[in-house]
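First comes the structure, then the notes that go with it.
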Amino acid sequence: MAARKRASTKAGTRTKPLAEYKRKRDFTKTAEPAGKSAGSRSARALHFVIQKHAASHLHYDFRLELDGVMKSWAVPKGPSHDPAVRRLAMEVEDHPIEYNTFEGTIPKGQYGGGTVMLWDRGTYEPEGGGGADAVRDGYERGDLKIVMHGKRLQGGWVLVRMRRDESGRAQWLLIKHRDDTANPKYDVTEEITTSVASGRTMDQIAGGKSRVWNSNRDEKPAAKKKSGAKKSGAKKTSAKKATAKKATR
Ligand code: MN
């Protein structure tokens, strides 16, 4: 009989961090980060990022840092400041923390192909304090109350887990808390249509020559990197807006 195989393979079959994220992508073809294992960040503030993503359907990727990865949800309509509005948030695979600086274009044919805008970013904390432990606890219970300190989003929101679909994906609801940043009259996704990092619109990002990482640093919203050289006829400012709106389902 052949030598008996070691019985210790079970631990090796445990899901590695970011395994699904990596499986879906060809990093020789997309400029998205391949992801590396992050060390302990428990002593640091927890970061969040929201990316507006014009893939086959426009959505907002809502990502919360926890345990060295970005827990991620796809929110088709984006966040709302109206506490009466419940926004569907479909949980997707964890993303690497380096994804927080990604703005650009994922090539067509690649997973999630389309334009990605850094729509908001900042730090967040569990509503009742307690740091990452409290976030982890809320996430596991499916009742995650957080306070966001972003440029576009501030104050309390809650993510409530509803059910899982056939594939095991969890559906959550993203709801604004009734606090002093709540405002039923303010349509944030309609009002805020530029990058928090570069000030660019979706069309400007899509047309950008550098389909690469944006700098971590905030740029001036009006900053224009390129000058002259290209004679590009009439500017299509209104067309840009129309396209951005059309992308909304
Ligand atoms: Mn996405």
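Identifiers in this document derive from the order of the structure tokens: chains are assigned A, B, ..., residues are numbered from 1 separately in each chain, and ligands are numbered from 1 in order of occurrence.
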Using only C-alpha atoms, which residues sit within 12 Å of segment 137-146 of chain A once same-chain residues fewer than 2 positions away are excluded, as a PyMOL selection string?
chain A and resi 46-48+64-67+71-72+91+123-135+148-149+153-164+170-177
Residues from the last selection, N, CA and C atoms, saved as a CSV table (one decimal), in the first residue's frame:
chain,number,residue,atom,x,y,z
A,46,LEU,N,-9.8,52.6,11.7
A,46,LEU,CA,-10.4,51.7,10.6
A,46,LEU,C,-10.8,52.6,9.5
A,47,HIS,N,-10.4,52.2,8.3
A,47,HIS,CA,-10.7,53.0,7.1
A,47,HIS,C,-11.9,52.5,6.3
A,48,PHE,N,-12.5,53.4,5.6
A,48,PHE,CA,-13.6,52.9,4.7
A,48,PHE,C,-13.3,53.6,3.4
A,64,LEU,N,-15.5,48.4,4.2
A,64,LEU,CA,-15.1,48.7,5.5
A,64,LEU,C,-13.9,47.8,5.9
A,65,GLU,N,-12.8,48.5,6.4
A,65,GLU,CA,-11.7,47.7,6.8
A,65,GLU,C,-12.0,46.9,8.1
A,66,LEU,N,-11.6,45.7,8.1
A,66,LEU,CA,-11.7,44.8,9.2
A,66,LEU,C,-10.7,43.7,9.1
A,67,ASP,N,-9.9,43.5,10.1
A,67,ASP,CA,-8.9,42.3,10.2
A,67,ASP,C,-8.1,42.2,8.9
A,71,LYS,N,-14.0,44.5,4.1
A,71,LYS,CA,-15.3,43.8,3.9
A,71,LYS,C,-16.1,44.7,2.9
A,72,SER,N,-16.8,44.0,2.0
A,72,SER,CA,-17.3,44.7,0.8
A,72,SER,C,-18.7,44.4,0.5
A,91,GLU,N,-23.5,41.6,-0.2
A,91,GLU,CA,-22.1,41.4,0.3
A,91,GLU,C,-21.3,40.7,-0.9
A,123,THR,N,-12.4,57.4,7.7
A,123,THR,CA,-12.4,56.4,8.8
A,123,THR,C,-13.8,56.2,9.3
A,124,TYR,N,-13.9,55.1,10.0
A,124,TYR,CA,-15.2,54.8,10.6
A,124,TYR,C,-14.9,54.1,11.9
A,125,GLU,N,-16.0,54.0,12.8
A,125,GLU,CA,-15.9,53.3,14.0
A,125,GLU,C,-17.2,52.8,14.4
A,126,PRO,N,-17.2,51.7,15.3
A,126,PRO,CA,-18.5,51.2,15.7
A,126,PRO,C,-19.2,52.2,16.5
A,127,GLU,N,-20.5,52.3,16.4
A,127,GLU,CA,-21.3,53.3,17.1
A,127,GLU,C,-21.0,53.4,18.6
A,128,GLY,N,-21.0,52.2,19.2
A,128,GLY,CA,-20.8,52.2,20.6
A,128,GLY,C,-19.4,52.1,21.1
A,129,GLY,N,-18.4,52.4,20.2
A,129,GLY,CA,-17.0,52.2,20.6
A,129,GLY,C,-16.6,50.7,20.6
A,130,GLY,N,-15.4,50.5,21.0
A,130,GLY,CA,-14.9,49.1,21.0
A,130,GLY,C,-14.1,48.6,19.9
A,131,GLY,N,-13.8,49.5,19.0
A,131,GLY,CA,-12.9,49.2,17.9
A,131,GLY,C,-13.2,48.0,17.0
A,132,ALA,N,-12.2,47.4,16.5
A,132,ALA,CA,-12.3,46.3,15.6
A,132,ALA,C,-13.1,45.1,16.2
A,133,ASP,N,-13.0,44.9,17.5
A,133,ASP,CA,-13.7,43.8,18.1
A,133,ASP,C,-15.2,44.0,18.0
A,134,ALA,N,-15.6,45.3,18.2
A,134,ALA,CA,-17.1,45.6,18.1
A,134,ALA,C,-17.6,45.5,16.7
A,135,VAL,N,-16.7,45.9,15.8
A,135,VAL,CA,-17.1,45.8,14.3
A,135,VAL,C,-17.3,44.3,14.0
A,148,MET,N,-19.5,57.1,10.4
A,148,MET,CA,-18.5,57.4,9.4
A,148,MET,C,-18.0,58.8,9.4
A,149,HIS,N,-16.7,58.9,9.2
A,149,HIS,CA,-16.0,60.1,9.1
A,149,HIS,C,-15.4,60.3,7.7
A,153,LEU,N,-19.8,61.4,3.4
A,153,LEU,CA,-20.6,60.7,4.4
A,153,LEU,C,-20.1,60.9,5.8
A,154,GLN,N,-21.0,61.4,6.6
A,154,GLN,CA,-20.7,61.5,8.1
A,154,GLN,C,-21.8,61.0,8.9
A,155,GLY,N,-21.6,60.6,10.1
A,155,GLY,CA,-22.6,60.2,11.0
A,155,GLY,C,-22.9,58.7,10.9
A,156,GLY,N,-24.1,58.4,11.5
A,156,GLY,CA,-24.4,57.0,11.7
A,156,GLY,C,-25.1,56.3,10.6
A,157,TRP,N,-24.7,55.1,10.3
A,157,TRP,CA,-25.4,54.2,9.3
A,157,TRP,C,-25.4,52.8,10.0
A,158,VAL,N,-26.4,52.0,9.5
A,158,VAL,CA,-26.4,50.6,10.0
A,158,VAL,C,-26.5,49.7,8.8
A,159,LEU,N,-25.8,48.6,8.9
A,159,LEU,CA,-25.9,47.5,7.9
A,159,LEU,C,-26.6,46.4,8.6
A,160,VAL,N,-27.7,45.9,8.1
A,160,VAL,CA,-28.5,44.9,8.7
A,160,VAL,C,-28.6,43.7,7.7
A,161,ARG,N,-28.2,42.5,8.1
A,161,ARG,CA,-28.2,41.4,7.2
A,161,ARG,C,-29.6,40.8,7.2
A,162,MET,N,-30.0,40.5,5.9
A,162,MET,CA,-31.4,40.0,5.7
A,162,MET,C,-31.4,38.5,5.5
A,163,ARG,N,-30.8,38.1,4.4
A,163,ARG,CA,-30.8,36.7,4.1
A,163,ARG,C,-29.7,36.4,3.1
A,164,ARG,N,-29.5,35.1,2.8
A,164,ARG,CA,-28.5,34.7,1.8
A,164,ARG,C,-29.2,34.2,0.6
A,170,ALA,N,-24.8,37.1,1.2
A,170,ALA,CA,-25.7,37.7,2.1
A,170,ALA,C,-26.2,39.0,1.5
A,171,GLN,N,-27.5,39.2,1.7
A,171,GLN,CA,-28.1,40.5,1.3
A,171,GLN,C,-28.3,41.3,2.6
A,172,TRP,N,-27.8,42.5,2.6
A,172,TRP,CA,-27.9,43.4,3.7
A,172,TRP,C,-28.7,44.7,3.3
A,173,LEU,N,-29.1,45.4,4.3
A,173,LEU,CA,-29.7,46.7,4.0
A,173,LEU,C,-28.8,47.8,4.6
A,174,LEU,N,-28.6,48.9,3.9
A,174,LEU,CA,-27.8,50.0,4.4
A,174,LEU,C,-28.8,51.1,4.7
A,175,ILE,N,-28.8,51.5,6.0
A,175,ILE,CA,-29.8,52.5,6.4
A,175,ILE,C,-29.2,53.6,7.2
A,176,LYS,N,-29.6,54.8,6.9
A,176,LYS,CA,-29.1,56.0,7.7
A,176,LYS,C,-29.7,56.1,9.1
A,177,HIS,N,-28.9,56.4,10.1
A,177,HIS,CA,-29.4,56.6,11.4
A,177,HIS,C,-30.1,57.9,11.5
Around ligand 1, out to 9 Å and counting only C-alpha atoms and all ligand atoms, which residues are there? I want them as JSON, numbers by chain.
{"A": [51, 52, 53, 54, 55, 58, 59, 60, 61, 62, 73, 74, 75, 92, 112, 113, 114, 116]}
Take the residues from that selection and put them in a file with C-alpha atoms, as a CSV table (one decimal), in the first residue's frame.
chain,number,residue,atom,x,y,z
A,51,GLN,CA,-16.1,53.4,-5.0
A,52,LYS,CA,-18.6,54.3,-7.7
A,53,HIS,CA,-18.3,51.5,-10.2
A,54,ALA,CA,-19.8,51.6,-13.7
A,55,ALA,CA,-19.7,47.9,-14.5
A,58,LEU,CA,-23.8,51.0,-12.0
A,59,HIS,CA,-23.3,50.5,-8.2
A,60,TYR,CA,-21.4,51.8,-5.3
A,61,ASP,CA,-18.9,49.5,-3.6
A,62,PHE,CA,-19.0,50.1,0.1
A,73,TRP,CA,-20.9,45.3,-0.3
A,74,ALA,CA,-22.2,46.3,-3.7
A,75,VAL,CA,-25.0,48.9,-3.2
A,92,VAL,CA,-19.3,40.5,-2.1
A,112,GLY,CA,-16.0,44.0,-12.9
A,113,GLY,CA,-14.8,45.6,-16.1
A,114,GLY,CA,-15.6,49.3,-16.2
A,116,VAL,CA,-14.1,53.0,-10.9
What separation in Å, quoted to one decimal, exists between atom CA of Lys29 of chain A and atom CA of Lys77 of chain A?
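Atom CA of Lys77 of chain A lies 28.6 Å from atom CA of Lys29 of chain A.
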Pull the strand (DSSP E) assignments for segment 15-96 of chain A out of DSSP run on the backbone, and list those residues as a VMD selection string.
chain A and resid 46 to 54 58 to 66 69 to 75 86 to 95
In Å, with one decimal, what is the gap from atom CA of Ile192 of chain A to atom CA of Ala31 of chain A?
25.4 Å
Which is closer to Lys151 of chain A than all the others in A:Ser56, A:Thr194, A:Thr101, A:Thr30, using only C-alpha atoms?
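The shortest atom-to-atom distance to Lys151 of chain A comes from A:Thr194.
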Point-to-point distance from atom CA of Ser167 of chain A to atom CA of Ser80 of chain A, Å rounded to tenths:
27.3 Å
Would you please work out which residue, of A:Gly68, A:Asn100, A:Gly199, A:Lys185, is nearest to Arg44 of chain A when using only C-alpha atoms?
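Result for the nearest residue to Arg44 of chain A: A:Gly68.
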Tell me which of A:Glu93, A:Glu103, A:Asp82, A:Glu166 sits closest to Asp179 of chain A, counting only C-alpha atoms.
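Looking only at the distances to Asp179 of chain A, the closest residue turns out to be A:Asp82.
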Pick out the closest residue to Ile50 of chain A from this set: A:Asp120, A:Glu190, A:Asp203, A:Asp165. Count only C-alpha atoms.
A:Asp120
